[in-house]
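J.: So here's protein_26.pdb, just PDB, C-alpha atoms:
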```pdb
MODEL        1
ATOM      1  CA  MET A   1     -20.356  12.424  13.922  1.00  0.00           C
ATOM      2  CA  LYS A   2     -16.616  11.708  14.090  1.00  0.00           C
ATOM      3  CA  LYS A   3     -17.119   8.759  16.460  1.00  0.00           C
ATOM      4  CA  LYS A   4     -19.871   7.355  14.244  1.00  0.00           C
ATOM      5  CA  LEU A   5     -17.622   7.554  11.173  1.00  0.00           C
ATOM      6  CA  LEU A   6     -14.736   5.907  13.030  1.00  0.00           C
ATOM      7  CA  LEU A   7     -17.017   3.097  14.212  1.00  0.00           C
ATOM      8  CA  THR A   8     -18.316   2.638  10.659  1.00  0.00           C
ATOM      9  CA  ILE A   9     -14.779   2.463   9.291  1.00  0.00           C
ATOM     10  CA  ILE A  10     -13.734  -0.054  11.953  1.00  0.00           C
ATOM     11  CA  LEU A  11     -16.757  -2.262  11.295  1.00  0.00           C
ATOM     12  CA  LEU A  12     -16.187  -2.118   7.560  1.00  0.00           C
ATOM     13  CA  SER A  13     -12.534  -3.035   8.040  1.00  0.00           C
ATOM     14  CA  ILE A  14     -13.229  -5.920  10.416  1.00  0.00           C
ATOM     15  CA  TYR A  15     -16.416  -7.396   9.006  1.00  0.00           C
ATOM     16  CA  GLY A  16     -16.229  -6.263   5.392  1.00  0.00           C
ATOM     17  CA  LEU A  17     -19.794  -4.944   5.304  1.00  0.00           C
ATOM     18  CA  ASN A  18     -21.326  -2.692   2.694  1.00  0.00           C
ATOM     19  CA  ALA A  19     -22.109   0.652   4.352  1.00  0.00           C
ATOM     20  CA  LYS A  20     -25.401   1.048   2.518  1.00  0.00           C
ATOM     21  CA  ASN A  21     -27.170  -2.191   3.380  1.00  0.00           C
ATOM     22  CA  GLY A  22     -24.996  -4.393   5.615  1.00  0.00           C
ATOM     23  CA  ILE A  23     -24.428  -7.024   2.928  1.00  0.00           C
ATOM     24  CA  PRO A  24     -21.012  -8.689   3.126  1.00  0.00           C
ATOM     25  CA  SER A  25     -18.792  -6.619   0.875  1.00  0.00           C
ATOM     26  CA  HIS A  26     -17.430  -9.605  -1.024  1.00  0.00           C
ATOM     27  CA  THR A  27     -20.791  -9.702  -2.790  1.00  0.00           C
ATOM     28  CA  LYS A  28     -20.559  -6.050  -3.776  1.00  0.00           C
ATOM     29  CA  LYS A  29     -16.910  -5.297  -4.493  1.00  0.00           C
ATOM     30  CA  HIS A  30     -13.996  -6.913  -6.212  1.00  0.00           C
ATOM     31  CA  ALA A  31     -10.518  -6.083  -7.331  1.00  0.00           C
ATOM     32  CA  ILE A  32     -10.389  -6.040 -11.098  1.00  0.00           C
ATOM     33  CA  ASN A  33      -6.578  -5.978 -10.980  1.00  0.00           C
ATOM     34  CA  ASN A  34      -3.953  -4.684  -8.560  1.00  0.00           C
ATOM     35  CA  SER A  35      -5.131  -1.082  -8.790  1.00  0.00           C
ATOM     36  CA  GLN A  36      -8.652  -1.155 -10.237  1.00  0.00           C
ATOM     37  CA  TYR A  37     -11.659  -1.693  -7.947  1.00  0.00           C
ATOM     38  CA  SER A  38     -15.431  -1.748  -8.179  1.00  0.00           C
ATOM     39  CA  GLN A  39     -17.751  -1.324  -5.200  1.00  0.00           C
ATOM     40  CA  SER A  40     -21.354  -0.143  -4.824  1.00  0.00           C
ATOM     41  CA  GLY A  41     -21.500   0.978  -8.452  1.00  0.00           C
ATOM     42  CA  ILE A  42     -18.311   3.044  -8.208  1.00  0.00           C
ATOM     43  CA  ASP A  43     -15.410   1.942 -10.414  1.00  0.00           C
ATOM     44  CA  VAL A  44     -11.990   3.384  -9.557  1.00  0.00           C
ATOM     45  CA  LYS A  45      -8.337   2.877 -10.301  1.00  0.00           C
ATOM     46  CA  ILE A  46      -6.057   3.733  -7.359  1.00  0.00           C
ATOM     47  CA  TYR A  47      -2.271   3.845  -7.634  1.00  0.00           C
ATOM     48  CA  PRO A  48       0.424   3.496  -6.520  1.00  0.00           C
ATOM     49  CA  LEU A  49      -0.374   1.206  -3.608  1.00  0.00           C
ATOM     50  CA  PRO A  50       1.191   1.632  -1.166  1.00  0.00           C
ATOM     51  CA  PHE A  51       1.591   5.333  -1.952  1.00  0.00           C
ATOM     52  CA  LEU A  52       4.378   7.776  -1.124  1.00  0.00           C
ATOM     53  CA  ASP A  53       4.056  11.493  -1.921  1.00  0.00           C
ATOM     54  CA  LYS A  54       1.130  11.279  -4.315  1.00  0.00           C
ATOM     55  CA  LEU A  55      -1.998   9.132  -4.601  1.00  0.00           C
ATOM     56  CA  THR A  56      -3.702   8.989  -7.988  1.00  0.00           C
ATOM     57  CA  ILE A  57      -7.386   8.143  -8.388  1.00  0.00           C
ATOM     58  CA  GLU A  58      -8.983   7.576 -11.786  1.00  0.00           C
ATOM     59  CA  SER A  59     -12.765   7.417 -11.904  1.00  0.00           C
ATOM     60  CA  GLN A  60     -15.788   8.279 -13.989  1.00  0.00           C
ATOM     61  CA  THR A  61     -17.478   9.212 -10.699  1.00  0.00           C
ATOM     62  CA  ILE A  62     -18.459  12.764  -9.831  1.00  0.00           C
ATOM     63  CA  GLY A  63     -18.495  13.076  -6.063  1.00  0.00           C
ATOM     64  CA  THR A  64     -16.174  13.523  -3.086  1.00  0.00           C
ATOM     65  CA  VAL A  65     -12.910  11.848  -2.112  1.00  0.00           C
ATOM     66  CA  SER A  66     -12.030  11.766   1.586  1.00  0.00           C
ATOM     67  CA  LEU A  67      -8.931  10.331   3.224  1.00  0.00           C
ATOM     68  CA  PHE A  68      -9.137   9.491   6.930  1.00  0.00           C
ATOM     69  CA  ASN A  69      -6.390   8.598   9.370  1.00  0.00           C
ATOM     70  CA  VAL A  70      -6.876   5.695  11.793  1.00  0.00           C
ATOM     71  CA  LEU A  71      -8.341   8.077  14.386  1.00  0.00           C
ATOM     72  CA  GLY A  72     -11.168   8.996  12.012  1.00  0.00           C
ATOM     73  CA  ASP A  73      -9.865  12.495  11.247  1.00  0.00           C
ATOM     74  CA  ILE A  74     -10.324  13.742   7.697  1.00  0.00           C
ATOM     75  CA  VAL A  75      -6.810  14.527   6.466  1.00  0.00           C
ATOM     76  CA  ILE A  76      -7.737  15.242   2.829  1.00  0.00           C
ATOM     77  CA  GLN A  77     -11.116  15.971   1.260  1.00  0.00           C
ATOM     78  CA  GLN A  78     -11.583  17.027  -2.349  1.00  0.00           C
ATOM     79  CA  PRO A  79     -14.286  16.897  -4.981  1.00  0.00           C
ATOM     80  CA  ILE A  80     -13.664  14.380  -7.746  1.00  0.00           C
ATOM     81  CA  LYS A  81     -14.760  14.913 -11.300  1.00  0.00           C
ATOM     82  CA  SER A  82     -14.722  12.348 -14.039  1.00  0.00           C
ATOM     83  CA  GLY A  83     -11.081  11.717 -14.875  1.00  0.00           C
ATOM     84  CA  ILE A  84      -7.884  11.735 -12.821  1.00  0.00           C
ATOM     85  CA  LEU A  85      -7.400  13.218  -9.347  1.00  0.00           C
ATOM     86  CA  GLU A  86      -3.931  13.429  -7.815  1.00  0.00           C
ATOM     87  CA  LEU A  87      -3.794  13.857  -4.049  1.00  0.00           C
ATOM     88  CA  GLN A  88      -0.571  15.339  -2.683  1.00  0.00           C
ATOM     89  CA  THR A  89       0.318  13.329   0.422  1.00  0.00           C
ATOM     90  CA  THR A  90       3.802  14.596   1.332  1.00  0.00           C
ATOM     91  CA  ASN A  91       2.526  16.045   4.617  1.00  0.00           C
ATOM     92  CA  LEU A  92       0.989  12.732   5.767  1.00  0.00           C
ATOM     93  CA  SER A  93       2.767  10.348   8.123  1.00  0.00           C
ATOM     94  CA  ASN A  94       3.444   6.773   7.079  1.00  0.00           C
ATOM     95  CA  GLY A  95       0.687   4.367   8.070  1.00  0.00           C
ATOM     96  CA  ILE A  96      -2.814   3.135   7.345  1.00  0.00           C
ATOM     97  CA  TYR A  97      -5.509   5.399   5.891  1.00  0.00           C
ATOM     98  CA  ILE A  98      -9.115   4.896   4.837  1.00  0.00           C
ATOM     99  CA  LEU A  99     -10.072   6.167   1.381  1.00  0.00           C
ATOM    100  CA  LYS A 100     -13.756   7.014   0.959  1.00  0.00           C
ATOM    101  CA  ILE A 101     -15.338   8.018  -2.339  1.00  0.00           C
ATOM    102  CA  THR A 102     -18.982   9.079  -2.318  1.00  0.00           C
ATOM    103  CA  GLN A 103     -21.332   9.621  -5.223  1.00  0.00           C
ATOM    104  CA  GLY A 104     -24.864  10.359  -4.106  1.00  0.00           C
ATOM    105  CA  GLU A 105     -25.986   7.334  -2.059  1.00  0.00           C
ATOM    106  CA  SER A 106     -23.095   5.140  -3.262  1.00  0.00           C
ATOM    107  CA  VAL A 107     -20.002   4.779  -1.090  1.00  0.00           C
ATOM    108  CA  PHE A 108     -16.635   3.203  -1.922  1.00  0.00           C
ATOM    109  CA  ILE A 109     -14.301   2.483   1.012  1.00  0.00           C
ATOM    110  CA  LYS A 110     -10.782   1.037   0.866  1.00  0.00           C
ATOM    111  CA  LYS A 111      -8.018   0.691   3.416  1.00  0.00           C
ATOM    112  CA  ILE A 112      -4.713   1.930   1.943  1.00  0.00           C
ATOM    113  CA  MET A 113      -1.171   2.442   3.227  1.00  0.00           C
ATOM    114  CA  LYS A 114       1.468   5.135   2.915  1.00  0.00           C
ATOM    115  CA  ASN A 115       5.119   4.057   3.048  1.00  0.00           C
TER     116      ASN A 115
ENDMDL
END
```
Could you render the structure as structure tokens?
T.:
Amino acid sequence: MKKKLLLTIILLSIYGLNAKNGIPSHTKKHAINNSQYSQSGIDVKIYPLPFLDKLTIESQTIGTVSLFNVLGDIVIQQPIKSGILELQTTNLSNGIYILKITQGESVFIKKIMKN
């Protein structure tokens, strides 16, 4: 399962494909501004980017937020309810992470960085 997720994340990062149907992601997602994104029916605001000790996610989505390191390990996983979720990231090393938000069949994926 871990290898499959890592491969999915790599393919999404390289080719920009939508995880649900393989459509190029530029047809399904767009940045509304520097911190607000929409993808696969999930609208989120993510800030600050890059993040330091805290990552804030605003969404009307009810689902799960997962943060993966570049090895595909889940480093943070929390349920998200409509509103604001603050992830404490002081224990994470600087580098690239993959943020995944799921709501039913819909999946939002974004590469983010911690400084």
J.: Give me the result of the PyMOL selection byres ((chain A and resi 76) around 7) on this file, residue by residue, as a short mmCIF file (atom, residue, chain, number, x, y, z; two decimals) with C-alpha atoms, keeping the file's coordinate frame.
T.:
```cif
data_model
loop_
_atom_site.label_atom_id
_atom_site.label_comp_id
_atom_site.auth_asym_id
_atom_site.auth_seq_id
_atom_site.Cartn_x
_atom_site.Cartn_y
_atom_site.Cartn_z
CA SER A 66 -12.03 11.77 1.59
CA LEU A 67 -8.93 10.33 3.22
CA ILE A 74 -10.32 13.74 7.70
CA VAL A 75 -6.81 14.53 6.47
CA GLN A 77 -11.12 15.97 1.26
CA GLN A 78 -11.58 17.03 -2.35
#
```
J.: Which is closer to Ile109 (chain A) than all the others in A:Val65, A:Ser35, A:Gly95, A:Gly83, using only C-alpha atoms?
T.: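 Under the stated criterion, the closest residue is A:Val65.
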J.: Please expand the PyMOL selection byres ((chain A and resi 58) around 7) into the concrete residues it hits in this file, giving the result as a PDB file with C-alpha atoms, in the coordinates of the input.
T.:
```
ATOM      1  CA  VAL A  44     -11.990   3.384  -9.557  1.00  0.00           C
ATOM      2  CA  LYS A  45      -8.337   2.877 -10.301  1.00  0.00           C
ATOM      3  CA  ILE A  46      -6.057   3.733  -7.359  1.00  0.00           C
ATOM      4  CA  THR A  56      -3.702   8.989  -7.988  1.00  0.00           C
ATOM      5  CA  ILE A  57      -7.386   8.143  -8.388  1.00  0.00           C
ATOM      6  CA  SER A  59     -12.765   7.417 -11.904  1.00  0.00           C
ATOM      7  CA  GLY A  83     -11.081  11.717 -14.875  1.00  0.00           C
ATOM      8  CA  ILE A  84      -7.884  11.735 -12.821  1.00  0.00           C
ATOM      9  CA  LEU A  85      -7.400  13.218  -9.347  1.00  0.00           C
TER      10      LEU A  85
END
```
J.: Can you tell me, as a VMD selection string, what residues are no more than 8 Å from Phe108 (chain A) when counting only C-alpha atoms, ignoring any on the same chain fewer than 3 positions away?
T.: chain A and resid 39 to 40 42 99 to 102
J.: Generate a file of the selected residues that holds C-alpha atoms, formatted as a compact mmCIF listing (two decimals), in the coordinates of the input.
T.:
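Printed below is part14.txt as written:
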```
# COMPACT_ATOMS: atom_id res chain seq x y z
CA GLN A 39 -17.75 -1.32 -5.20
CA SER A 40 -21.35 -0.14 -4.82
CA ILE A 42 -18.31 3.04 -8.21
CA LEU A 99 -10.07 6.17 1.38
CA LYS A 100 -13.76 7.01 0.96
CA ILE A 101 -15.34 8.02 -2.34
CA THR A 102 -18.98 9.08 -2.32
```
J.: Between CA of Val70 (chain A) and CA of Ile96 (chain A), what distance in Å does the model show, to one decimal?
T.: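 Result for CA of Val70 (chain A) versus CA of Ile96 (chain A): 6.5 Å, one decimal.
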J.: List the neighbours of Pro79 (chain A) out to 8 Å using only C-alpha atoms; skip same-chain residues closer than 3 positions along the sequence, and give me the result as an NGL selection string.
T.: :A and (62-65)
J.: Provide the CA of Ser106 (chain A) to CA of Ser93 (chain A) distance in Å, to one decimal place.
T.: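 CA of Ser93 (chain A) lies 28.7 Å from CA of Ser106 (chain A).
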J.: Tell me which of A:Leu55, A:Ser38, A:Gly72, A:Pro48 sits closest to Thr90 (chain A), counting all atoms listed in the file.
T.: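 Checking each candidate against Thr90 (chain A), we get A:Leu55 as the closest.
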J.: For each of A:Thr61, A:Asp53, A:Leu71, A:Asn94, take the minimum atom-to-atom distance to Val107 (chain A), counting all atoms listed in the file, then give the residue where this is smallest.
T.: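 The closest residue to Val107 (chain A) is A:Thr61.
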J.: Mind telling me what the PyMOL selection byres ((chain A and resi 114) around 6) catches here, as number ranges by chain?
T.: A: 50-52, 94-95, 113, 115
J.: As an exercise, work out the distance from CA of Leu87 (chain A) to CA of Gly41 (chain A) in Å and give it to one decimal place.
T.: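 Answer for the CA of Leu87 (chain A) to CA of Gly41 (chain A) separation: 22.3 Å.
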J.: From the options A:Asn69, A:Lys110, A:Ser82, A:Gln36, which residue's atoms come nearest to Tyr97 (chain A), counting all atoms listed in the file?
T.: A:Asn69
